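Let me begin by presenting the structure, written as structure tokens, before commenting on it.
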Amino acid sequence: MRTFKQLAYGLFYIAVFGGIVFGFYSLYIKPAPSCFNNVQDQNEQRIDCGGVCAKFCLPANLSEIETSGQAQIFHPATSSISVMAEVQNKNADFAAQDMPYKFSFYDNKGNILYERYGNSFVYASEIKYIAEFNLNFPDAYKIVTVGFRVGETKWIPKSLFGQQQLAKQSLNTASSSKGLTATGNFINNSTVSIKKVTILVVFYSRLGPAGISGSEVDDVALGQQYSFSVFHPALNNIDTSRTQIYLYGN
């Protein structure tokens with residue numbers, strides 16, 4: 001009997017001590033529920049996302065941005081180079097709001113000569129061209145291939161990053177001994193003003209893309225019409241009827 005009482009008292013004191021330790025931990029040590037503790041708590045849909053958390057839960061079947069891994073090369077001048085890569089977002093409900101990228105320039109032995117970093121965006125279900133124009137390198141003639149890679153992308157629901165509506169009008173390409181000039185107008189048919197519109201022009205020969213150039217227009221007001229003119233140095237055997245003009249608003 002005495003041994004039983006001692007055991008009972010021992011268990012009682014252990015329980016009391018455990019309660020005190022647990023209470024102290026809960027009040028002073030245990031992290032409070034948050035959206036940054038790598039724990040699914042406070043009515044989150046998944047770990048640190050959804051519910052009360054501002055971060056959206058990305059679907060398990062979200063597709064990464066697709067690229068060819070290579071960029072097309074253009075030489076508008078002896079000491080300069082322009083490059084263009086295609087990207088595709090196959091997600092119908094999510095846009096890439098923040099998409100870092102890198103162009104890597106290689107010589108004929110596979111050595112990296114230069115690297116060029118940038119940042120862009122891709123709307124839901126969009127195929128887009130990423131371009132860099134007139135990059136001046138002392139030995140640009142040594143560049144034979146250009147790799148293209150996309151970094152860690154910030155995704156956002158399509159409803160919060162919808163594609164801007166830009167209508168092209170009166171497009172024309174003129175060729176002369178001095179060069180090529182692509183002109184036209186566009187109207188902002190979106191529901192908001194656009195901070196910047198990037199204009200990408202691709203000039204074609206019979207064999208395919210032969211040159212690229214571009215321009216930008218800032219502060220594009222809702223419902224307003226804007227004119228643009230994009231120049232490229234002279235190219236041989238250009239078919240001006242095949243010129244493609246792309247407008248990217250953000």
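FYI, nothing fancy with the structure tokens labels: chains A, B, ... in order, residues from 1 per chain, ligands from 1 as they appear.
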
Region 8-201 of chain A: which residues are alpha helix (DSSP H) by DSSP, as a PDB file with N, CA and C atoms, in the first residue's frame?
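Result file selection-v6.pdb:
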```pdb
ATOM      1  N   ALA A   8       1.591   6.838  -6.665  1.00  0.00           N
ATOM      2  CA  ALA A   8       0.507   7.771  -7.016  1.00  0.00           C
ATOM      3  C   ALA A   8       0.955   9.208  -6.832  1.00  0.00           C
ATOM      4  N   TYR A   9       1.637   9.477  -5.667  1.00  0.00           N
ATOM      5  CA  TYR A   9       2.131  10.836  -5.431  1.00  0.00           C
ATOM      6  C   TYR A   9       3.160  11.230  -6.493  1.00  0.00           C
ATOM      7  N   GLY A  10       4.005  10.265  -6.862  1.00  0.00           N
ATOM      8  CA  GLY A  10       5.019  10.557  -7.868  1.00  0.00           C
ATOM      9  C   GLY A  10       4.396  10.922  -9.204  1.00  0.00           C
ATOM     10  N   LEU A  11       3.383  10.152  -9.606  1.00  0.00           N
ATOM     11  CA  LEU A  11       2.705  10.448 -10.873  1.00  0.00           C
ATOM     12  C   LEU A  11       2.000  11.795 -10.813  1.00  0.00           C
ATOM     13  N   PHE A  12       1.423  12.100  -9.623  1.00  0.00           N
ATOM     14  CA  PHE A  12       0.727  13.384  -9.454  1.00  0.00           C
ATOM     15  C   PHE A  12       1.690  14.544  -9.625  1.00  0.00           C
ATOM     16  N   TYR A  13       2.861  14.473  -8.971  1.00  0.00           N
ATOM     17  CA  TYR A  13       3.829  15.558  -9.059  1.00  0.00           C
ATOM     18  C   TYR A  13       4.401  15.680 -10.481  1.00  0.00           C
ATOM     19  N   ILE A  14       4.580  14.521 -11.130  1.00  0.00           N
ATOM     20  CA  ILE A  14       5.062  14.568 -12.512  1.00  0.00           C
ATOM     21  C   ILE A  14       4.046  15.269 -13.411  1.00  0.00           C
ATOM     22  N   ALA A  15       2.751  14.942 -13.174  1.00  0.00           N
ATOM     23  CA  ALA A  15       1.697  15.571 -13.968  1.00  0.00           C
ATOM     24  C   ALA A  15       1.650  17.070 -13.725  1.00  0.00           C
ATOM     25  N   VAL A  16       1.781  17.476 -12.435  1.00  0.00           N
ATOM     26  CA  VAL A  16       1.773  18.908 -12.105  1.00  0.00           C
ATOM     27  C   VAL A  16       2.952  19.605 -12.735  1.00  0.00           C
ATOM     28  N   PHE A  17       4.122  18.973 -12.626  1.00  0.00           N
ATOM     29  CA  PHE A  17       5.334  19.579 -13.192  1.00  0.00           C
ATOM     30  C   PHE A  17       5.215  19.681 -14.715  1.00  0.00           C
ATOM     31  N   GLY A  18       4.677  18.610 -15.328  1.00  0.00           N
ATOM     32  CA  GLY A  18       4.484  18.636 -16.774  1.00  0.00           C
ATOM     33  C   GLY A  18       3.533  19.724 -17.207  1.00  0.00           C
ATOM     34  N   GLY A  19       2.453  19.925 -16.420  1.00  0.00           N
ATOM     35  CA  GLY A  19       1.504  20.990 -16.740  1.00  0.00           C
ATOM     36  C   GLY A  19       2.143  22.354 -16.666  1.00  0.00           C
ATOM     37  N   ILE A  20       3.001  22.535 -15.635  1.00  0.00           N
ATOM     38  CA  ILE A  20       3.689  23.830 -15.497  1.00  0.00           C
ATOM     39  C   ILE A  20       4.623  24.077 -16.677  1.00  0.00           C
ATOM     40  N   VAL A  21       5.381  23.037 -17.055  1.00  0.00           N
ATOM     41  CA  VAL A  21       6.308  23.172 -18.187  1.00  0.00           C
ATOM     42  C   VAL A  21       5.546  23.455 -19.481  1.00  0.00           C
ATOM     43  N   PHE A  22       4.426  22.721 -19.698  1.00  0.00           N
ATOM     44  CA  PHE A  22       3.634  22.927 -20.903  1.00  0.00           C
ATOM     45  C   PHE A  22       3.048  24.332 -20.941  1.00  0.00           C
ATOM     46  N   GLY A  23       2.553  24.799 -19.796  1.00  0.00           N
ATOM     47  CA  GLY A  23       1.998  26.146 -19.742  1.00  0.00           C
ATOM     48  C   GLY A  23       3.046  27.206 -20.020  1.00  0.00           C
ATOM     49  N   PHE A  24       4.244  27.011 -19.449  1.00  0.00           N
ATOM     50  CA  PHE A  24       5.330  27.963 -19.673  1.00  0.00           C
ATOM     51  C   PHE A  24       5.722  27.976 -21.158  1.00  0.00           C
TER      52      PHE A  24
END
```

Which neighbours of region 96-103 of chain A fall inside 6 Å, counting only C-alpha atoms, when residues of the same chain fewer than 4 positions from it are skipped, and could you give them as an MDAnalysis selection string? chainID A and resid 115:122 147:151 153:155

For those residues, write N, CA and C atoms to a file as an mmCIF file, in the first residue's frame.
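Output (out-v1.cif):
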```cif
data_model
loop_
_atom_site.group_PDB
_atom_site.id
_atom_site.type_symbol
_atom_site.label_atom_id
_atom_site.label_comp_id
_atom_site.auth_asym_id
_atom_site.auth_seq_id
_atom_site.Cartn_x
_atom_site.Cartn_y
_atom_site.Cartn_z
ATOM 1 N N GLU A 115 27.224 37.154 -69.770
ATOM 2 C CA GLU A 115 25.903 36.790 -69.267
ATOM 3 C C GLU A 115 25.078 38.059 -69.136
ATOM 4 N N ARG A 116 23.825 37.945 -69.454
ATOM 5 C CA ARG A 116 22.913 39.096 -69.409
ATOM 6 C C ARG A 116 21.674 38.698 -68.627
ATOM 7 N N TYR A 117 21.393 39.426 -67.534
ATOM 8 C CA TYR A 117 20.253 39.124 -66.675
ATOM 9 C C TYR A 117 19.125 40.145 -66.902
ATOM 10 N N GLY A 118 17.912 39.674 -66.733
ATOM 11 C CA GLY A 118 16.765 40.555 -66.871
ATOM 12 C C GLY A 118 15.569 40.011 -66.116
ATOM 13 N N ASN A 119 14.465 40.704 -66.214
ATOM 14 C CA ASN A 119 13.240 40.293 -65.536
ATOM 15 C C ASN A 119 12.051 40.647 -66.418
ATOM 16 N N SER A 120 11.080 39.740 -66.466
ATOM 17 C CA SER A 120 9.909 39.988 -67.296
ATOM 18 C C SER A 120 8.685 39.354 -66.637
ATOM 19 N N PHE A 121 7.636 39.182 -67.399
ATOM 20 C CA PHE A 121 6.381 38.609 -66.916
ATOM 21 C C PHE A 121 5.730 37.869 -68.072
ATOM 22 N N VAL A 122 4.858 36.930 -67.762
ATOM 23 C CA VAL A 122 4.113 36.213 -68.788
ATOM 24 C C VAL A 122 2.697 36.010 -68.277
ATOM 25 N N GLY A 147 22.511 30.694 -74.808
ATOM 26 C CA GLY A 147 21.570 29.922 -74.009
ATOM 27 C C GLY A 147 20.599 30.831 -73.291
ATOM 28 N N PHE A 148 19.439 30.301 -72.964
ATOM 29 C CA PHE A 148 18.411 31.090 -72.278
ATOM 30 C C PHE A 148 17.803 30.245 -71.170
ATOM 31 N N ARG A 149 17.732 30.812 -69.973
ATOM 32 C CA ARG A 149 17.163 30.114 -68.828
ATOM 33 C C ARG A 149 16.255 31.054 -68.036
ATOM 34 N N VAL A 150 15.212 30.464 -67.452
ATOM 35 C CA VAL A 150 14.286 31.205 -66.596
ATOM 36 C C VAL A 150 14.555 30.813 -65.149
ATOM 37 N N GLY A 151 14.580 31.798 -64.244
ATOM 38 C CA GLY A 151 14.830 31.539 -62.833
ATOM 39 C C GLY A 151 13.545 31.255 -62.065
ATOM 40 N N THR A 153 10.217 31.695 -60.474
ATOM 41 C CA THR A 153 9.133 32.565 -60.917
ATOM 42 C C THR A 153 8.139 32.835 -59.793
ATOM 43 N N LYS A 154 7.664 34.062 -59.724
ATOM 44 C CA LYS A 154 6.605 34.407 -58.781
ATOM 45 C C LYS A 154 5.270 34.305 -59.513
ATOM 46 N N TRP A 155 4.417 33.401 -59.044
ATOM 47 C CA TRP A 155 3.119 33.175 -59.681
ATOM 48 C C TRP A 155 2.013 33.939 -58.965
#
```

Sort by chain and increasing residue number a table of all residues of region 94-139 of chain A within 12 Å of region 195-208 of chain A, each with its closest pair of atoms and their distance in Å to one decimal, counting only C-alpha atoms, and write it as CSV.
```
residue,atom,partner,partner_atom,distance
A:Ser120,CA,A:Thr198,CA,11.0
A:Phe121,CA,A:Thr198,CA,11.9
A:Lys128,CA,A:Leu200,CA,10.4
A:Tyr129,CA,A:Leu200,CA,8.3
A:Ile130,CA,A:Leu200,CA,9.0
A:Ala131,CA,A:Leu200,CA,7.9
A:Glu132,CA,A:Leu200,CA,10.0
A:Phe133,CA,A:Leu200,CA,9.9
```

Go ahead and save the picked residues with N, CA and C atoms, as a PDB file, in the first residue's frame.
```
ATOM      1  N   SER A 120      11.080  39.740 -66.466  1.00  0.00           N
ATOM      2  CA  SER A 120       9.909  39.988 -67.296  1.00  0.00           C
ATOM      3  C   SER A 120       8.685  39.354 -66.637  1.00  0.00           C
ATOM      4  N   PHE A 121       7.636  39.182 -67.399  1.00  0.00           N
ATOM      5  CA  PHE A 121       6.381  38.609 -66.916  1.00  0.00           C
ATOM      6  C   PHE A 121       5.730  37.869 -68.072  1.00  0.00           C
ATOM      7  N   LYS A 128       5.270  34.262 -75.423  1.00  0.00           N
ATOM      8  CA  LYS A 128       5.869  35.593 -75.446  1.00  0.00           C
ATOM      9  C   LYS A 128       7.330  35.503 -75.879  1.00  0.00           C
ATOM     10  N   TYR A 129       7.812  36.614 -76.469  1.00  0.00           N
ATOM     11  CA  TYR A 129       9.221  36.699 -76.858  1.00  0.00           C
ATOM     12  C   TYR A 129       9.954  37.640 -75.905  1.00  0.00           C
ATOM     13  N   ILE A 130      11.096  37.170 -75.414  1.00  0.00           N
ATOM     14  CA  ILE A 130      11.968  37.973 -74.559  1.00  0.00           C
ATOM     15  C   ILE A 130      13.168  38.384 -75.396  1.00  0.00           C
ATOM     16  N   ALA A 131      13.435  39.667 -75.481  1.00  0.00           N
ATOM     17  CA  ALA A 131      14.494  40.146 -76.364  1.00  0.00           C
ATOM     18  C   ALA A 131      15.404  41.147 -75.667  1.00  0.00           C
ATOM     19  N   GLU A 132      16.656  41.151 -76.112  1.00  0.00           N
ATOM     20  CA  GLU A 132      17.637  42.162 -75.714  1.00  0.00           C
ATOM     21  C   GLU A 132      18.224  42.731 -76.994  1.00  0.00           C
ATOM     22  N   PHE A 133      18.282  44.069 -77.072  1.00  0.00           N
ATOM     23  CA  PHE A 133      18.656  44.725 -78.322  1.00  0.00           C
ATOM     24  C   PHE A 133      20.032  45.382 -78.246  1.00  0.00           C
TER      25      PHE A 133
END
```

Residues within 8 Å of region 79-85 of chain A, please, as a PyMOL selection string. Count only C-alpha atoms; anything in the same chain fewer than 4 positions from it doesn't count. chain A and resi 67-68+70-75+129-141+146+148+212

Write the residues of the preceding selection, restricted to N, CA and C atoms, as a JSON list (two decimals), in the first residue's frame.
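What ended up in again_5.json:
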```json
[["chain", "number", "residue", "atom", "x", "y", "z"],
["A", 67, "THR", "N", 10.72, 26.90, -72.21],
["A", 67, "THR", "CA", 11.60, 27.61, -73.13],
["A", 67, "THR", "C", 12.32, 26.57, -74.00],
["A", 68, "SER", "N", 12.90, 27.05, -75.09],
["A", 68, "SER", "CA", 13.69, 26.16, -75.94],
["A", 68, "SER", "C", 15.09, 25.96, -75.39],
["A", 70, "GLN", "N", 17.50, 27.86, -75.94],
["A", 70, "GLN", "CA", 18.39, 28.58, -76.84],
["A", 70, "GLN", "C", 17.70, 29.85, -77.32],
["A", 71, "ALA", "N", 18.51, 30.85, -77.67],
["A", 71, "ALA", "CA", 17.99, 32.10, -78.19],
["A", 71, "ALA", "C", 18.44, 32.29, -79.62],
["A", 72, "GLN", "N", 17.65, 33.02, -80.39],
["A", 72, "GLN", "CA", 18.04, 33.39, -81.75],
["A", 72, "GLN", "C", 18.99, 34.58, -81.69],
["A", 73, "ILE", "N", 19.97, 34.57, -82.58],
["A", 73, "ILE", "CA", 21.01, 35.60, -82.58],
["A", 73, "ILE", "C", 20.85, 36.48, -83.82],
["A", 74, "PHE", "N", 21.02, 37.80, -83.62],
["A", 74, "PHE", "CA", 20.99, 38.77, -84.72],
["A", 74, "PHE", "C", 22.17, 39.73, -84.53],
["A", 75, "HIS", "N", 22.76, 40.16, -85.62],
["A", 75, "HIS", "CA", 23.88, 41.09, -85.57],
["A", 75, "HIS", "C", 23.51, 42.37, -86.31],
["A", 129, "TYR", "N", 7.81, 36.61, -76.47],
["A", 129, "TYR", "CA", 9.22, 36.70, -76.86],
["A", 129, "TYR", "C", 9.95, 37.64, -75.90],
["A", 130, "ILE", "N", 11.10, 37.17, -75.41],
["A", 130, "ILE", "CA", 11.97, 37.97, -74.56],
["A", 130, "ILE", "C", 13.17, 38.38, -75.40],
["A", 131, "ALA", "N", 13.43, 39.67, -75.48],
["A", 131, "ALA", "CA", 14.49, 40.15, -76.36],
["A", 131, "ALA", "C", 15.40, 41.15, -75.67],
["A", 132, "GLU", "N", 16.66, 41.15, -76.11],
["A", 132, "GLU", "CA", 17.64, 42.16, -75.71],
["A", 132, "GLU", "C", 18.22, 42.73, -76.99],
["A", 133, "PHE", "N", 18.28, 44.07, -77.07],
["A", 133, "PHE", "CA", 18.66, 44.73, -78.32],
["A", 133, "PHE", "C", 20.03, 45.38, -78.25],
["A", 134, "ASN", "N", 20.76, 45.30, -79.33],
["A", 134, "ASN", "CA", 22.00, 46.08, -79.54],
["A", 134, "ASN", "C", 22.94, 46.02, -78.34],
["A", 135, "LEU", "N", 23.26, 44.81, -77.91],
["A", 135, "LEU", "CA", 24.23, 44.64, -76.83],
["A", 135, "LEU", "C", 25.62, 44.80, -77.41],
["A", 136, "ASN", "N", 26.37, 45.76, -76.88],
["A", 136, "ASN", "CA", 27.69, 46.06, -77.43],
["A", 136, "ASN", "C", 28.77, 45.30, -76.68],
["A", 137, "PHE", "N", 29.36, 44.32, -77.36],
["A", 137, "PHE", "CA", 30.46, 43.54, -76.82],
["A", 137, "PHE", "C", 31.67, 43.72, -77.72],
["A", 138, "PRO", "N", 32.86, 43.92, -77.16],
["A", 138, "PRO", "CA", 34.07, 44.11, -77.99],
["A", 138, "PRO", "C", 34.32, 42.97, -78.97],
["A", 139, "ASP", "N", 34.01, 41.75, -78.56],
["A", 139, "ASP", "CA", 34.24, 40.60, -79.43],
["A", 139, "ASP", "C", 32.94, 39.86, -79.70],
["A", 140, "ALA", "N", 31.92, 40.61, -80.07],
["A", 140, "ALA", "CA", 30.60, 40.02, -80.36],
["A", 140, "ALA", "C", 30.69, 39.01, -81.49],
["A", 141, "TYR", "N", 31.65, 39.17, -82.38],
["A", 141, "TYR", "CA", 31.78, 38.25, -83.51],
["A", 141, "TYR", "C", 32.13, 36.84, -83.06],
["A", 146, "VAL", "N", 23.72, 31.19, -77.95],
["A", 146, "VAL", "CA", 23.24, 31.91, -76.76],
["A", 146, "VAL", "C", 22.21, 31.04, -76.06],
["A", 148, "PHE", "N", 19.44, 30.30, -72.96],
["A", 148, "PHE", "CA", 18.41, 31.09, -72.28],
["A", 148, "PHE", "C", 17.80, 30.24, -71.17],
["A", 212, "ILE", "N", 15.73, 42.04, -85.30],
["A", 212, "ILE", "CA", 14.73, 42.50, -84.33],
["A", 212, "ILE", "C", 15.11, 43.90, -83.86]]
```

With a distance cut-off of 7 Å and only C-alpha atoms, select the neighbouring residues of region 219-223 of chain A, excluding the residue or stretch itself and same-chain residues fewer than 2 positions from it, and output the selection as number ranges by chain. A: 187-196, 217, 225
